[in-house]
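Worksheet: the structure to be examined is printed underneath.
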Amino acid sequence: MQSQRDGNEAVPPRRFAFGPVSDIPGTSNGLRTNHPVRLMPAFAACPGIRIAIALVAGLSFSAASAQQLLLPPGKPVAASPRAPAAPSSRAASCHNGASFDKFLAELKQRAVSEGVSPNTIAAASPYLTYDQGIVNRDRGQRVFGQLFTEFSGRMAAPYRMQNGQAHIKTYAAAFARAEKEYGVPPAVIAAFWGLESDFGANMGSLPVLPSLVSLAYDCRRSERFQNETIAALKVIDRGDLEPDEMIGSWAGELGQTQFLPTHYVTYAVDYDDDGRRNLLNSAPDVIGSTANYIANGLKWRRGEPWLEEVRVPPDFPWDQADLTIQLPRSKFSALGVTYADGRPLRNDDLPASLLLPMGRTGPAFLAYANFAAYTEWNNSLIYSTTAAYLATRIAGAPPMRRPAAPVAQLRFNEIKELQQLLVRAGYDVGKVDGVLGQQSRAAVKSMQIKYGLPADSWPTVELLAKMRGTPRPLPAAAALPPMR
C-alpha cells in the first residue's frame with residue numbers, strides 16, 4: 001500500500017489467486033494501510049495495519065486451474081541469495097546519508113538487541129540485499145477499475161465458494177478448534193484463505209528478506225519495514241521458517257493468508273503440534289493463526305454477524321446509508337428495509353450500517369460491527385465487501401441480487417473533474433486522481449444533500465452537471481472510474 005490516495009493508501013500486489021497476482025496488470029503489493037477508512041465507531045476501534053489492494057479489470061481463471069485448488073499446496077521454491085543492487089540516492093537521505101551497508105549493520109545490531117541470535121543473523125545475511133526494483137515497484141502502484149459486482153463476481157465465484165466449503169470439511173477438526181478457541185466462524189477464515197492465496201496455490205514467488213530490507217532502507221516507510229525485517233528474523237530465530245523458505249509477496253507477506261512478519265510473530269500458532277508455526281505448508285497452522293489474528297488483532301465479536309444482503313425501499317432516507325452511521329436493526333426494519341428475499345428483519349437493537357457499494361441502484365447490505373475486521377484486513381471497500389460476501393456464501397447464503405439495470409458511472413476524467421470541483425467547494429478529497437475513495441465518497445454525499453439529490457455517496461452525471469453549473473445532466477458515461 002503505497003502511495004496515499006484519497007485517505008487510503010493504494011497497495012500491494014499478490015493477494016489473489018489468478019497466478020501470482022503481482023503479475024496481473026494494475027496490482028500492487030505492500031503493507032496494509034495504517035490510515036483505515038473512517039467508519040462507524042465500532043469499526044474505527046480496531047487499530048492495526050493492513051493492506052489496501054489494487055486490482056484491475058480483466059482477470060481470468062481457467063477451469064483446469066480451479067480444479068487444482070483442492071490439491072495440497074506444494075512447497076515454495078527455495079529462495080537464492082541475490083547480488084546486491086545499488087540503492088537510489090534518495091534512499092539514504094533519511095539515514096543521515098549512511099550507505100546501505102552501514103544501515104544494514106546498524107539494523108542487525110538492533111535485531112540482536114531485540115533477541116535475535118547472531119547465528120540467525122549470519123544465516124539470513126546472504127538474503128539481506130538491496131533491490132532497487134522492489135522500491136520502484138512500491139512507488140509505482142496503480143488502482144483498479146471494476147465495479148463491486150464485477151470484482152465480487154470474479155473473486156467470490158462459485159468455484160471459490162465450493163473450495164472454501166470443501167476445505168472446511170477436509171480440515172473440520174482444525175476449523176472446529178479455531179471456532180471454539182477464537183470464536184471465528186469457519187466460513188470467515190476460509191474466505192480470507194481463498195482470496196489471499198486460493199488455499200495455498202498462490203502465495204507469491206519472491207524472497208521476502210531482500211524486499212523487506214530494501215523497503216526498510218528506502219525512506220518512504222523506513223521505520224515500518226525495519227520492524228518487519230526484524231520480525232522476519234525472529235520468525236527464523238524461533239525455528240518457524242528457514243531463510244530460504246521465506247518466499248512470498250514483493251512487500252514481504254508470507255503464507256497462505258499472507259501475514260506480515262510482525263503478524264506472523266504475534267499471531268501465528270502451532271496447530272499441528274510439530275513445534276513450528278508454518279503458515280506456508282501446514283493447513284492447521286494457517287487456520288489457527290488466521291483465526292487468532294481475526295479474533296485478537298481485528299477484534300472479532302464472537303457470535304455476531306458480519307454482513308447480510310438486504311432490500312431497501314425507494315423512499316429510504318439515503319443520507320442514513322453510510323458506514324459512519326449506526327442504527328438498530330429495528331430502525332432499519334421500520335424504514336422498510338427487509339432481507340433480500342423479502343422477509344422482515346429481526347426486530348432487535350443490534351447496531352448496523354447500510355452499505356451501498358454502488359449507490360442506491362446497486363446491491364445493499366447491512367454491515368455489522370464485525371465488518372470492521374474486513375476493512376482492517378484491507379481498507380479497500382470493494383475488497384472488504386467482497387471478502388465478507390464470500391464468507392456469507394461459504395456459510396450458505398444465496399447469491400446476491402443483481403441490479404435490475406446497469407449502474408451508471410462516470411468516466412475517469414469526470415471523476416477527476418468532480419474531485420477538483422469538490423476541492424473548490426471546500427472539501428478534502430485527498431489526492432485529486434480520479435480514484436473514488438472514501439473521502440471522495442463522503443464529499444459526494446455532502447454535495448448530494450446540498451443539491452437535494454439522493455445522498456447515497458455514488459457520483460452521478462446529475463451531480464457533476466450541478467457542480468459545473470450546466471442546466472442538464474450530460475449523457476451517462478461508459479468507462480469505469482478507478483475504485484477501491
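Identifiers for the C-alpha cells are assigned positionally: chains receive A, B, ... in sequence, residues are indexed from 1 per chain, and ligands are indexed from 1 in the order shown.
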* List the neighbours of Thr392 (chain A) out to 10 Å using only C-alpha atoms; skip same-chain residues closer than 6 positions along the sequence, and give me the result as a PyMOL selection string. => chain A and resi 161+187-188+191+305-309+386+398-399
May I have the selected residues written with C-alpha atoms, as a PDB file, in the first residue's frame?
ATOM      1  CA  MET A 161     -17.199 -20.802  -2.510  1.00  0.00           C
ATOM      2  CA  ALA A 187     -16.532 -19.528   6.626  1.00  0.00           C
ATOM      3  CA  VAL A 188     -14.834 -16.274   7.648  1.00  0.00           C
ATOM      4  CA  ALA A 191     -12.980 -16.715   2.679  1.00  0.00           C
ATOM      5  CA  PRO A 305     -22.955 -11.488  12.173  1.00  0.00           C
ATOM      6  CA  TRP A 306     -20.776  -9.523   9.777  1.00  0.00           C
ATOM      7  CA  LEU A 307     -22.774  -8.856   6.595  1.00  0.00           C
ATOM      8  CA  GLU A 308     -26.284  -9.578   5.313  1.00  0.00           C
ATOM      9  CA  GLU A 309     -27.801  -8.658   1.982  1.00  0.00           C
ATOM     10  CA  THR A 386     -16.232  -8.998  -1.417  1.00  0.00           C
ATOM     11  CA  PRO A 398     -27.688 -17.412  -1.664  1.00  0.00           C
ATOM     12  CA  PRO A 399     -26.036 -15.318  -4.387  1.00  0.00           C
TER      13      PRO A 399
END
* Give the strand (DSSP E) residues of region 257-320 of chain A, as DSSP finds them on the backbone, and put them as an MDAnalysis selection string. => chainID A and resid 307:311
Output as JSON lines one row per residue of region 219-291 of chain A within 10 Å of region 110-133 of chain A: the closest atom pair and its distance in Å to one decimal place, counting only C-alpha atoms, sorted by chain and residue number ascending.
{"residue": "A:Gln226", "atom": "CA", "partner": "A:Ala111", "partner_atom": "CA", "distance": 9.5}
{"residue": "A:Asn227", "atom": "CA", "partner": "A:Ala111", "partner_atom": "CA", "distance": 9.2}
{"residue": "A:Thr229", "atom": "CA", "partner": "A:Ala111", "partner_atom": "CA", "distance": 8.8}
{"residue": "A:Ile230", "atom": "CA", "partner": "A:Ala111", "partner_atom": "CA", "distance": 5.6}
{"residue": "A:Ala231", "atom": "CA", "partner": "A:Ala111", "partner_atom": "CA", "distance": 8.6}
{"residue": "A:Ala232", "atom": "CA", "partner": "A:Ala124", "partner_atom": "CA", "distance": 9.7}
{"residue": "A:Leu233", "atom": "CA", "partner": "A:Val116", "partner_atom": "CA", "distance": 6.8}
{"residue": "A:Lys234", "atom": "CA", "partner": "A:Val116", "partner_atom": "CA", "distance": 6.0}
{"residue": "A:Val235", "atom": "CA", "partner": "A:Val116", "partner_atom": "CA", "distance": 9.5}
{"residue": "A:Ile236", "atom": "CA", "partner": "A:Thr120", "partner_atom": "CA", "distance": 6.8}
{"residue": "A:Asp237", "atom": "CA", "partner": "A:Thr120", "partner_atom": "CA", "distance": 5.6}
{"residue": "A:Arg238", "atom": "CA", "partner": "A:Val116", "partner_atom": "CA", "distance": 8.8}
{"residue": "A:Gly239", "atom": "CA", "partner": "A:Thr120", "partner_atom": "CA", "distance": 9.7}
{"residue": "A:Glu242", "atom": "CA", "partner": "A:Ala124", "partner_atom": "CA", "distance": 8.5}
{"residue": "A:Pro243", "atom": "CA", "partner": "A:Ala124", "partner_atom": "CA", "distance": 5.7}
{"residue": "A:Asp244", "atom": "CA", "partner": "A:Tyr127", "partner_atom": "CA", "distance": 8.3}
{"residue": "A:Met246", "atom": "CA", "partner": "A:Tyr127", "partner_atom": "CA", "distance": 10.0}
{"residue": "A:Trp250", "atom": "CA", "partner": "A:Gly133", "partner_atom": "CA", "distance": 9.8}
Write to file, as a tab-separated table (two decimals), in the first residue's frame, the residues of the selection just made, with C-alpha atoms.
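result-v9.tsv, freshly written:
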chain	number	residue	atom	x	y	z
A	226	GLN	CA	12.72	-2.04	9.73
A	227	ASN	CA	10.26	-3.53	12.21
A	229	THR	CA	12.62	-7.05	8.76
A	230	ILE	CA	13.44	-7.69	12.41
A	231	ALA	CA	10.18	-9.60	12.81
A	232	ALA	CA	11.12	-11.80	9.84
A	233	LEU	CA	14.44	-12.55	11.55
A	234	LYS	CA	12.53	-13.51	14.69
A	235	VAL	CA	10.42	-15.95	12.64
A	236	ILE	CA	13.67	-17.59	11.55
A	237	ASP	CA	15.20	-17.40	15.01
A	238	ARG	CA	12.40	-19.31	16.71
A	239	GLY	CA	12.57	-22.08	14.12
A	242	GLU	CA	14.47	-21.14	7.27
A	243	PRO	CA	15.76	-18.10	5.34
A	244	ASP	CA	15.41	-19.88	2.00
A	246	MET	CA	10.72	-17.21	3.16
A	250	TRP	CA	7.19	-8.47	-3.03
* **Atomic separation - CA of Pro357 (chain A) relative to CA of Leu298 (chain A), Å** =>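 About the pair CA of Leu298 (chain A) and CA of Pro357 (chain A): they are 22.0 Å apart.
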* Structure fact -> Across A:Gln258, A:Gln448, A:Ser222, A:Asn281, the smallest distance to His95 (chain A), with only C-alpha atoms counted, is shown by A:Ser222
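Residues surrounding Thr338 (chain A) within 12 Å are Glu308, Glu309, Val310, Arg311, Val312, Pro313, Phe316, Arg329, Ser330, Lys331, Phe332, Pro344, Leu345, Arg346, Asn347, Leu354, Ala364, Phe365 and Leu366 of chain A [only C-alpha atoms; sequence separation below 6 positions excluded].
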* Asked: What lies within 9 Å of Ala156 (chain A) using only C-alpha atoms, ignoring chain neighbours under 6 positions off, as a PyMOL selection string?
  -> chain A and resi 191+195+386-387+389-391+393
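Between CA of Phe100 (chain A) and CA of Tyr217 (chain A) lies a distance of 6.9 Å.
Across the model, the gap from CA of Tyr267 (chain A) to CA of Phe103 (chain A) is 28.7 Å.
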* Option closest in space to Ser353 (chain A), from A:Ala369, A:Met155, A:Ala340, A:Leu335 [counting only C-alpha atoms] ->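 Answer, going by the shortest atom-to-atom distance: A:Ala369.
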